[in-house]
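Engineer: Dropping in structure.pdb, which is PDB, C-alpha atoms:
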```pdb
ATOM      1  CA  MET A   1     -19.831  27.493   3.470
ATOM      2  CA  PRO A   2     -19.159  24.830   6.099
ATOM      3  CA  GLU A   3     -15.628  23.649   6.785
ATOM      4  CA  MET A   4     -15.022  20.260   5.182
ATOM      5  CA  PRO A   5     -12.305  17.579   5.222
ATOM      6  CA  VAL A   6      -9.507  18.159   2.733
ATOM      7  CA  ILE A   7      -8.210  15.549   0.311
ATOM      8  CA  ASP A   8      -4.579  15.618  -0.819
ATOM      9  CA  ARG A   9      -4.924  14.391  -4.391
ATOM     10  CA  LYS A  10      -1.279  13.336  -4.537
ATOM     11  CA  LYS A  11      -1.834  10.876  -1.679
ATOM     12  CA  CYS A  12      -5.384   9.774  -2.466
ATOM     13  CA  ASN A  13      -5.635   6.451  -4.293
ATOM     14  CA  ASP A  14      -9.459   6.651  -4.497
ATOM     15  CA  CYS A  15      -9.833   3.428  -2.512
ATOM     16  CA  GLY A  16     -13.160   4.753  -1.181
ATOM     17  CA  LEU A  17     -12.712   3.573   2.411
ATOM     18  CA  CYS A  18     -13.540   7.084   3.621
ATOM     19  CA  ILE A  19     -16.829   6.966   1.704
ATOM     20  CA  ASP A  20     -17.684   3.636   3.362
ATOM     21  CA  VAL A  21     -17.329   5.080   6.868
ATOM     22  CA  CYS A  22     -18.817   8.522   6.269
ATOM     23  CA  ALA A  23     -22.186   8.667   8.031
ATOM     24  CA  CYS A  24     -23.229  12.040   6.611
ATOM     25  CA  HIS A  25     -22.636  11.377   2.886
ATOM     26  CA  ALA A  26     -20.114  14.196   2.634
ATOM     27  CA  LEU A  27     -17.801  11.960   0.601
ATOM     28  CA  VAL A  28     -18.812  10.517  -2.735
ATOM     29  CA  LEU A  29     -17.237   8.904  -5.770
ATOM     30  CA  ILE A  30     -17.591  11.070  -8.885
ATOM     31  CA  LYS A  31     -16.088   9.560 -12.051
ATOM     32  CA  ASP A  32     -14.004   7.243  -9.849
ATOM     33  CA  VAL A  33     -12.556  10.149  -7.866
ATOM     34  CA  VAL A  34     -13.277  10.557  -4.151
ATOM     35  CA  THR A  35     -14.872  13.975  -3.799
ATOM     36  CA  VAL A  36     -15.934  16.054  -0.806
ATOM     37  CA  ILE A  37     -19.476  17.411  -0.926
ATOM     38  CA  GLU A  38     -20.086  20.478   1.216
ATOM     39  CA  THR A  39     -22.737  19.709   3.774
ATOM     40  CA  LYS A  40     -23.655  21.003   7.205
ATOM     41  CA  GLU A  41     -24.352  17.381   8.152
ATOM     42  CA  CYS A  42     -20.602  16.747   8.523
ATOM     43  CA  GLY A  43     -20.080  16.457  12.278
ATOM     44  CA  TRP A  44     -16.259  16.330  12.060
ATOM     45  CA  CYS A  45     -16.189  12.801  13.413
ATOM     46  CA  VAL A  46     -12.726  12.398  11.696
ATOM     47  CA  GLN A  47     -13.505   8.746  10.894
ATOM     48  CA  CYS A  48     -12.516   9.415   7.273
ATOM     49  CA  GLU A  49      -9.081  10.546   8.451
ATOM     50  CA  VAL A  50      -8.835   7.564  10.835
ATOM     51  CA  VAL A  51      -9.581   4.974   8.170
ATOM     52  CA  CYS A  52      -7.551   6.440   5.285
ATOM     53  CA  PRO A  53      -4.570   4.153   4.633
ATOM     54  CA  THR A  54      -2.470   6.866   2.958
ATOM     55  CA  GLY A  55      -3.164   9.921   5.121
ATOM     56  CA  ALA A  56      -4.729  11.662   2.142
ATOM     57  CA  ILE A  57      -7.773  13.060   3.917
ATOM     58  CA  THR A  58      -7.353  15.426   6.820
ATOM     59  CA  CYS A  59      -9.708  17.123   9.231
ATOM     60  CA  SER A  60      -7.794  19.933  10.876
ATOM     61  CA  PHE A  61      -8.876  21.617  14.072
ATOM     62  CA  GLU A  62      -8.894  25.259  15.027
ATOM     63  CA  ILE A  63      -8.031  25.635  18.704
ATOM     64  CA  VAL A  64      -9.667  28.488  20.570
ATOM     65  CA  ILE A  65     -10.115  29.570  24.147
ATOM     66  CA  GLU A  66     -13.667  30.124  25.343
ATOM     67  CA  GLU A  67     -14.335  33.643  26.523
ATOM     68  CA  HIS A  68     -16.072  33.854  29.892
TER      69      HIS A  68
ATOM     70  CA  MET B  69     -19.294 -10.081  16.633
ATOM     71  CA  PHE B  70     -18.662  -9.860  20.336
ATOM     72  CA  GLU B  71     -15.738 -10.353  22.691
ATOM     73  CA  GLY B  72     -16.000 -13.679  24.494
ATOM     74  CA  GLU B  73     -17.913 -15.513  21.774
ATOM     75  CA  SER B  74     -16.531 -18.620  20.132
ATOM     76  CA  ALA B  75     -15.786 -18.450  16.417
ATOM     77  CA  GLU B  76     -16.249 -20.721  13.459
ATOM     78  CA  VAL B  77     -15.200 -18.478  10.587
ATOM     79  CA  PHE B  78     -11.955 -16.602   9.806
ATOM     80  CA  PHE B  79     -12.721 -13.405   7.886
ATOM     81  CA  PHE B  80     -10.855 -11.380   5.264
ATOM     82  CA  VAL B  81     -12.039  -7.884   4.397
ATOM     83  CA  LEU B  82     -12.667  -7.421   0.686
ATOM     84  CA  SER B  83     -14.097  -3.904   0.855
ATOM     85  CA  GLY B  84     -14.933  -1.440   3.604
ATOM     86  CA  ALA B  85     -13.356  -1.400   7.068
ATOM     87  CA  VAL B  86     -13.915  -3.235  10.345
ATOM     88  CA  LYS B  87     -12.909  -1.960  13.779
ATOM     89  CA  VAL B  88     -11.666  -4.443  16.363
ATOM     90  CA  PHE B  89     -12.142  -3.218  19.918
ATOM     91  CA  LYS B  90     -12.590  -4.076  23.564
ATOM     92  CA  THR B  91     -15.251  -2.553  25.775
ATOM     93  CA  SER B  92     -14.663  -1.797  29.454
ATOM     94  CA  ALA B  93     -17.198  -2.497  32.208
ATOM     95  CA  GLU B  94     -18.060   1.252  32.065
ATOM     96  CA  GLY B  95     -18.793   0.994  28.364
ATOM     97  CA  LYS B  96     -15.617   2.719  27.163
ATOM     98  CA  GLU B  97     -14.351   1.476  23.829
ATOM     99  CA  GLN B  98     -10.677   0.810  23.157
ATOM    100  CA  ILE B  99      -9.929   0.309  19.491
ATOM    101  CA  LEU B 100      -7.178  -2.276  18.979
ATOM    102  CA  ASN B 101      -7.034  -2.302  15.213
ATOM    103  CA  ILE B 102      -8.796  -1.159  12.060
ATOM    104  CA  VAL B 103      -8.975  -3.995   9.524
ATOM    105  CA  ARG B 104      -8.764  -2.783   5.941
ATOM    106  CA  PRO B 105      -9.178  -4.634   2.608
ATOM    107  CA  GLY B 106      -6.757  -7.528   2.313
ATOM    108  CA  GLU B 107      -6.438  -7.937   6.089
ATOM    109  CA  SER B 108      -8.056 -10.500   8.363
ATOM    110  CA  PHE B 109      -9.837 -10.667  11.693
ATOM    111  CA  ASN B 110     -11.432 -13.327  13.916
ATOM    112  CA  ASP B 111      -8.223 -15.303  13.338
ATOM    113  CA  VAL B 112      -7.119 -15.761  16.977
ATOM    114  CA  PRO B 113     -10.144 -17.806  18.188
ATOM    115  CA  ILE B 114     -10.034 -19.898  14.994
ATOM    116  CA  LEU B 115      -6.357 -20.725  15.497
ATOM    117  CA  ASP B 116      -6.421 -21.475  19.249
ATOM    118  CA  ASP B 117     -10.033 -22.746  19.575
ATOM    119  CA  GLY B 118     -10.646 -20.175  22.290
ATOM    120  CA  SER B 119     -13.141 -17.333  22.572
ATOM    121  CA  ASN B 120     -12.799 -14.023  20.782
ATOM    122  CA  PRO B 121     -10.502 -11.681  22.755
ATOM    123  CA  ALA B 122     -12.151  -8.619  21.204
ATOM    124  CA  SER B 123     -15.296  -7.469  19.411
ATOM    125  CA  ALA B 124     -15.511  -6.545  15.735
ATOM    126  CA  GLN B 125     -17.875  -4.100  14.073
ATOM    127  CA  ALA B 126     -18.189  -2.880  10.501
ATOM    128  CA  MET B 127     -17.454   0.848  10.042
ATOM    129  CA  GLY B 128     -20.040   1.161   7.267
ATOM    130  CA  PRO B 129     -20.862  -1.344   4.476
ATOM    131  CA  VAL B 130     -18.312  -4.154   4.216
ATOM    132  CA  VAL B 131     -17.796  -7.206   2.047
ATOM    133  CA  LEU B 132     -16.050 -10.135   3.711
ATOM    134  CA  TYR B 133     -14.642 -13.458   2.640
ATOM    135  CA  GLY B 134     -15.037 -16.188   5.269
ATOM    136  CA  VAL B 135     -13.074 -19.404   5.699
ATOM    137  CA  ARG B 136     -14.596 -21.963   8.036
ATOM    138  CA  LYS B 137     -12.419 -23.424  10.784
ATOM    139  CA  ASP B 138     -12.313 -26.943   9.325
ATOM    140  CA  GLY B 139     -11.643 -25.522   5.864
ATOM    141  CA  LEU B 140      -8.720 -23.503   7.224
ATOM    142  CA  LYS B 141      -7.166 -26.633   8.726
ATOM    143  CA  VAL B 142      -7.187 -28.272   5.290
ATOM    144  CA  ILE B 143      -5.628 -25.179   3.708
ATOM    145  CA  LEU B 144      -2.898 -24.985   6.352
ATOM    146  CA  HIS B 145      -2.108 -28.675   5.863
ATOM    147  CA  ASP B 146      -1.998 -28.505   2.087
ATOM    148  CA  TYR B 147      -0.325 -25.091   1.697
ATOM    149  CA  PRO B 148       2.507 -24.542   4.209
ATOM    150  CA  GLN B 149       3.187 -21.083   2.772
ATOM    151  CA  VAL B 150      -0.202 -19.980   4.107
ATOM    152  CA  THR B 151       0.900 -21.088   7.591
ATOM    153  CA  LEU B 152       4.067 -19.002   7.296
ATOM    154  CA  ASN B 153       2.062 -15.995   6.137
ATOM    155  CA  ILE B 154      -0.314 -16.328   9.075
ATOM    156  CA  ILE B 155       2.668 -16.460  11.452
ATOM    157  CA  LYS B 156       4.032 -13.240   9.928
ATOM    158  CA  VAL B 157       0.650 -11.527  10.285
ATOM    159  CA  LEU B 158       0.393 -12.590  13.925
ATOM    160  CA  ALA B 159       3.960 -11.432  14.606
ATOM    161  CA  GLU B 160       3.076  -8.000  13.199
ATOM    162  CA  ARG B 161      -0.073  -8.003  15.347
ATOM    163  CA  VAL B 162       2.088  -8.673  18.453
ATOM    164  CA  ARG B 163       4.302  -5.696  17.555
ATOM    165  CA  GLN B 164       1.267  -3.444  17.217
ATOM    166  CA  LEU B 165      -0.133  -4.579  20.549
ATOM    167  CA  VAL B 166       3.194  -4.062  22.323
ATOM    168  CA  SER B 167       3.235  -0.534  20.951
ATOM    169  CA  LEU B 168      -0.343   0.013  22.101
ATOM    170  CA  VAL B 169       0.511  -1.142  25.624
ATOM    171  CA  GLU B 170       3.342   1.378  25.644
ATOM    172  CA  ASP B 171       1.036   4.137  24.448
ATOM    173  CA  LEU B 172      -1.614   3.292  27.002
ATOM    174  CA  SER B 173       0.554   4.497  29.885
ATOM    175  CA  PHE B 174      -0.472   7.804  28.479
ATOM    176  CA  ARG B 175      -0.887  10.263  31.293
ATOM    177  CA  HIS B 176       2.342  11.926  30.157
ATOM    178  CA  VAL B 177       0.930  12.146  26.655
ATOM    179  CA  ILE B 178      -2.174  13.973  27.912
ATOM    180  CA  SER B 179       0.123  16.615  29.405
ATOM    181  CA  ARG B 180       1.973  16.974  26.093
ATOM    182  CA  VAL B 181      -1.321  17.294  24.208
ATOM    183  CA  ALA B 182      -2.514  19.892  26.745
ATOM    184  CA  LYS B 183       0.679  21.879  26.131
ATOM    185  CA  ILE B 184       0.173  21.768  22.368
ATOM    186  CA  LEU B 185      -3.418  22.981  22.723
ATOM    187  CA  LEU B 186      -2.326  25.910  24.892
ATOM    188  CA  GLU B 187       0.484  26.829  22.496
ATOM    189  CA  TYR B 188      -1.762  26.768  19.454
ATOM    190  CA  ALA B 189      -4.859  28.330  20.959
ATOM    191  CA  GLY B 190      -5.926  31.493  19.211
ATOM    192  CA  ASP B 191      -6.546  34.601  21.240
ATOM    193  CA  GLY B 192      -8.507  36.410  18.600
ATOM    194  CA  THR B 193      -5.607  38.622  17.497
ATOM    195  CA  GLY B 194      -5.143  36.822  14.224
ATOM    196  CA  PRO B 195      -5.345  33.455  12.473
ATOM    197  CA  ARG B 196      -3.595  30.557  14.164
ATOM    198  CA  PRO B 197      -2.408  27.462  12.342
ATOM    199  CA  ARG B 198      -4.883  24.630  12.357
ATOM    200  CA  LEU B 199      -3.771  21.183  13.409
ATOM    201  CA  THR B 200      -4.820  17.712  12.446
ATOM    202  CA  GLN B 201      -4.702  14.976  15.059
ATOM    203  CA  GLN B 202      -1.818  13.486  13.068
ATOM    204  CA  GLU B 203       0.143  16.724  13.394
ATOM    205  CA  MET B 204      -0.563  16.899  17.121
ATOM    206  CA  ALA B 205       0.644  13.295  17.385
ATOM    207  CA  ALA B 206       3.880  14.084  15.583
ATOM    208  CA  MET B 207       4.479  17.026  17.927
ATOM    209  CA  ALA B 208       3.635  14.974  21.011
ATOM    210  CA  GLY B 209       5.796  12.060  19.868
ATOM    211  CA  THR B 210       2.946   9.620  19.854
ATOM    212  CA  ALA B 211       0.348   8.026  17.573
ATOM    213  CA  ARG B 212      -2.766   9.691  16.155
ATOM    214  CA  GLU B 213      -5.030   7.301  18.044
ATOM    215  CA  VAL B 214      -3.412   8.273  21.352
ATOM    216  CA  VAL B 215      -4.052  11.954  20.623
ATOM    217  CA  GLY B 216      -7.677  11.095  19.867
ATOM    218  CA  ARG B 217      -8.002   9.324  23.220
ATOM    219  CA  SER B 218      -6.246  12.180  25.015
ATOM    220  CA  LEU B 219      -8.606  14.762  23.536
ATOM    221  CA  LYS B 220     -11.559  12.593  24.509
ATOM    222  CA  ALA B 221     -10.204  12.281  28.055
ATOM    223  CA  LEU B 222      -9.744  16.075  28.265
ATOM    224  CA  GLU B 223     -13.308  16.574  27.032
ATOM    225  CA  GLU B 224     -14.608  14.192  29.703
ATOM    226  CA  GLU B 225     -12.615  16.099  32.320
ATOM    227  CA  GLY B 226     -14.328  19.304  31.199
ATOM    228  CA  ALA B 227     -11.141  20.985  30.004
ATOM    229  CA  LEU B 228     -12.347  21.346  26.418
ATOM    230  CA  LYS B 229     -15.286  20.749  24.141
ATOM    231  CA  PHE B 230     -15.639  20.013  20.447
ATOM    232  CA  ASP B 231     -17.566  22.398  18.217
ATOM    233  CA  ARG B 232     -17.273  20.623  14.893
ATOM    234  CA  HIS B 233     -13.857  21.647  13.505
ATOM    235  CA  ARG B 234     -13.053  23.740  16.577
ATOM    236  CA  ILE B 235     -11.509  22.538  19.808
ATOM    237  CA  VAL B 236     -12.750  25.016  22.414
ATOM    238  CA  ILE B 237     -10.674  25.184  25.576
ATOM    239  CA  THR B 238     -13.233  25.651  28.336
ATOM    240  CA  ASP B 239     -10.858  25.367  31.301
ATOM    241  CA  LYS B 240      -7.504  26.895  30.423
ATOM    242  CA  LYS B 241      -6.344  26.694  34.050
ATOM    243  CA  ALA B 242      -6.906  22.923  34.138
ATOM    244  CA  LEU B 243      -4.769  22.486  31.021
ATOM    245  CA  GLN B 244      -2.045  24.695  32.482
ATOM    246  CA  GLU B 245      -2.051  22.628  35.683
ATOM    247  CA  MET B 246      -1.694  19.434  33.664
ATOM    248  CA  VAL B 247       1.333  20.870  31.915
ATOM    249  CA  GLN B 248       2.826  21.990  35.246
ATOM    250  CA  VAL B 249       2.324  18.569  36.847
ATOM    251  CA  SER B 250       4.339  16.927  34.098
ATOM    252  CA  LEU B 251       7.357  19.228  34.577
TER     253      LEU B 251
END
```
I need this file expressed as structure tokens, please.
Structural biologist:
Amino acid sequence: MPEMPVIDRKKCNDCGLCIDVCACHALVLIKDVVTVIETKECGWCVQCEVVCPTGAITCSFEIVIEEH
Amino acid sequence: MFEGESAEVFFFVLSGAVKVFKTSAEGKEQILNIVRPGESFNDVPILDDGSNPASAQAMGPVVLYGVRKDGLKVILHDYPQVTLNIIKVLAERVRQLVSLVEDLSFRHVISRVAKILLEYAGDGTGPRPRLTQQEMAAMAGTAREVVGRSLKALEEEGALKFDRHRIVITDKKALQEMVQVSL
């Protein structure tokens, strides 16, 4: 399963701004609740995190060192 | 709409988001502000009859309300409270821009971000905590946007690359040197 952005339901006010900026349709409104849909199309652009006014959606990074 | 153009309409965002940015001669984009519902843009050229100091672009579908320049003059004349509100909005905008100028002397911040990346890099011996850009910003004592720019700068310098949700350090020595230079 691909890694996906995480929504903190306590902070999310379902404003839908993240859906407006998501280019890969990974975020949708289901029964008025912003929901993450698992998709490999998500390129981790973090625009959803950038635009969220409450900090409810986060796209965390794993930091690794490339083996040579 | 583009930087340098004249303007006839003052816009409010009803839904969606608009990014306001400047573009350098090399094509690099510097985001100045993200305008969310209830906020305005294109106000500066309407108020001072000058050209737009920055460009604006919708970040996806947006719905805007527009007020024409001559219509705004009537509103400001008839409703002084609107004038006061506009002054408050512009004052807040000045604060944000002052803060951005401070952040943009950000070579020191790049070194702090490099240090955080080295500290949190996994070596394969076990899971390492994952970090959001907001968390990196809090650790570096700066704003999320500055961390984003720093990571982009480090990518362009060849020190790291992005692999979706992974930041892959491709030149550990370069990051270590950046940290050393700042000491």
Engineer: Taking all atoms listed in the file into account, what are the residues of chain A at most 12 Å from chain B, put as a PyMOL selection string?
Structural biologist: chain A and resi 2-6+15-25+40-68
Engineer: Please dump the current selection as a tab-separated table (two decimals), in the frame of the given file; keep C-alpha atoms.
Structural biologist:
```
chain	number	residue	atom	x	y	z
A	2	PRO	CA	-19.16	24.83	6.10
A	3	GLU	CA	-15.63	23.65	6.78
A	4	MET	CA	-15.02	20.26	5.18
A	5	PRO	CA	-12.30	17.58	5.22
A	6	VAL	CA	-9.51	18.16	2.73
A	15	CYS	CA	-9.83	3.43	-2.51
A	16	GLY	CA	-13.16	4.75	-1.18
A	17	LEU	CA	-12.71	3.57	2.41
A	18	CYS	CA	-13.54	7.08	3.62
A	19	ILE	CA	-16.83	6.97	1.70
A	20	ASP	CA	-17.68	3.64	3.36
A	21	VAL	CA	-17.33	5.08	6.87
A	22	CYS	CA	-18.82	8.52	6.27
A	23	ALA	CA	-22.19	8.67	8.03
A	24	CYS	CA	-23.23	12.04	6.61
A	25	HIS	CA	-22.64	11.38	2.89
A	40	LYS	CA	-23.66	21.00	7.20
A	41	GLU	CA	-24.35	17.38	8.15
A	42	CYS	CA	-20.60	16.75	8.52
A	43	GLY	CA	-20.08	16.46	12.28
A	44	TRP	CA	-16.26	16.33	12.06
A	45	CYS	CA	-16.19	12.80	13.41
A	46	VAL	CA	-12.73	12.40	11.70
A	47	GLN	CA	-13.50	8.75	10.89
A	48	CYS	CA	-12.52	9.41	7.27
A	49	GLU	CA	-9.08	10.55	8.45
A	50	VAL	CA	-8.84	7.56	10.84
A	51	VAL	CA	-9.58	4.97	8.17
A	52	CYS	CA	-7.55	6.44	5.28
A	53	PRO	CA	-4.57	4.15	4.63
A	54	THR	CA	-2.47	6.87	2.96
A	55	GLY	CA	-3.16	9.92	5.12
A	56	ALA	CA	-4.73	11.66	2.14
A	57	ILE	CA	-7.77	13.06	3.92
A	58	THR	CA	-7.35	15.43	6.82
A	59	CYS	CA	-9.71	17.12	9.23
A	60	SER	CA	-7.79	19.93	10.88
A	61	PHE	CA	-8.88	21.62	14.07
A	62	GLU	CA	-8.89	25.26	15.03
A	63	ILE	CA	-8.03	25.64	18.70
A	64	VAL	CA	-9.67	28.49	20.57
A	65	ILE	CA	-10.12	29.57	24.15
A	66	GLU	CA	-13.67	30.12	25.34
A	67	GLU	CA	-14.34	33.64	26.52
A	68	HIS	CA	-16.07	33.85	29.89
```
Engineer: Grab the atom CA of B:Glu76 to atom CA of B:Ile114 distance for me, in Å with one decimal place.
Structural biologist: 6.5 Å
Engineer: Pick the closest to B:Gly118 from B:Ala159, B:Leu152, B:Ala75, B:Val181: which is it, counting all atoms listed in the file?
Structural biologist: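 Among the listed residues, B:Ala75 lies closest to B:Gly118.
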Engineer: Written as a PyMOL selection string, which residues does the PyMOL selection byres ((chain B and resi 80) around 8) give for the file shown?
Structural biologist: chain B and resi 78-79+81-82+105-109+132-134
Engineer: Given the file shown, enumerate the residues that the PyMOL selection byres ((chain B and resi 215) around 10) captures and present them as an mmCIF file with C-alpha atoms, in the coordinates of the input.
Structural biologist:
```cif
data_model
loop_
_atom_site.group_PDB
_atom_site.id
_atom_site.type_symbol
_atom_site.label_atom_id
_atom_site.label_comp_id
_atom_site.auth_asym_id
_atom_site.auth_seq_id
_atom_site.Cartn_x
_atom_site.Cartn_y
_atom_site.Cartn_z
ATOM 1 C CA PHE B 174 -0.472 7.804 28.479
ATOM 2 C CA VAL B 177 0.930 12.146 26.655
ATOM 3 C CA ILE B 178 -2.174 13.973 27.912
ATOM 4 C CA ARG B 180 1.973 16.974 26.093
ATOM 5 C CA VAL B 181 -1.321 17.294 24.208
ATOM 6 C CA GLN B 201 -4.702 14.976 15.059
ATOM 7 C CA GLN B 202 -1.818 13.486 13.068
ATOM 8 C CA GLU B 203 0.143 16.724 13.394
ATOM 9 C CA MET B 204 -0.563 16.899 17.121
ATOM 10 C CA ALA B 205 0.644 13.295 17.385
ATOM 11 C CA ALA B 206 3.880 14.084 15.583
ATOM 12 C CA ALA B 208 3.635 14.974 21.011
ATOM 13 C CA GLY B 209 5.796 12.060 19.868
ATOM 14 C CA THR B 210 2.946 9.620 19.854
ATOM 15 C CA ALA B 211 0.348 8.026 17.573
ATOM 16 C CA ARG B 212 -2.766 9.691 16.155
ATOM 17 C CA GLU B 213 -5.030 7.301 18.044
ATOM 18 C CA VAL B 214 -3.412 8.273 21.352
ATOM 19 C CA GLY B 216 -7.677 11.095 19.867
ATOM 20 C CA ARG B 217 -8.002 9.324 23.220
ATOM 21 C CA SER B 218 -6.246 12.180 25.015
ATOM 22 C CA LEU B 219 -8.606 14.762 23.536
ATOM 23 C CA LYS B 220 -11.559 12.593 24.509
ATOM 24 C CA ALA B 221 -10.204 12.281 28.055
#
```
Engineer: Using all atoms listed in the file, determine which residues lie at most 6 Å from stretch 29-38 of chain A, disregarding the query and same-chain residues fewer than 2 positions distant; provide the list as number ranges by chain.
Structural biologist: A: 14, 26-27
Engineer: Would you compute the distance between atom CA of B:Val135 and atom CA of B:Ile154? Give it in Å to one decimal.
Structural biologist: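 Separation between atom CA of B:Val135 and atom CA of B:Ile154: 13.6 Å.
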Engineer: Go ahead and compute the interatomic distance for atom CA of B:Lys90 and atom CA of B:Leu168, in Å to one decimal.
Structural biologist: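 Computing it gives 13.0 Å between the two atoms.
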Engineer: If the PyMOL selection byres ((chain B and resi 74) around 10) is run on the structure shown, which residues does it catch, given as an MDAnalysis selection string?
Structural biologist: chainID B and resid 69:73 75:77 110 113:114 117:121
Engineer: Can you tell me which residues surround B:Phe89 at a distance of at most 9 Å, considering all atoms listed in the file, apart from same-chain residues fewer than 6 positions away, and format the answer as a list in words?
Structural biologist: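 Close residues of B:Phe89: Glu71, Glu97, Gln98, Ile99, Leu100, Asn101, Ile102, Ala122, Ser123, Ala124 and Gln125 of chain B.
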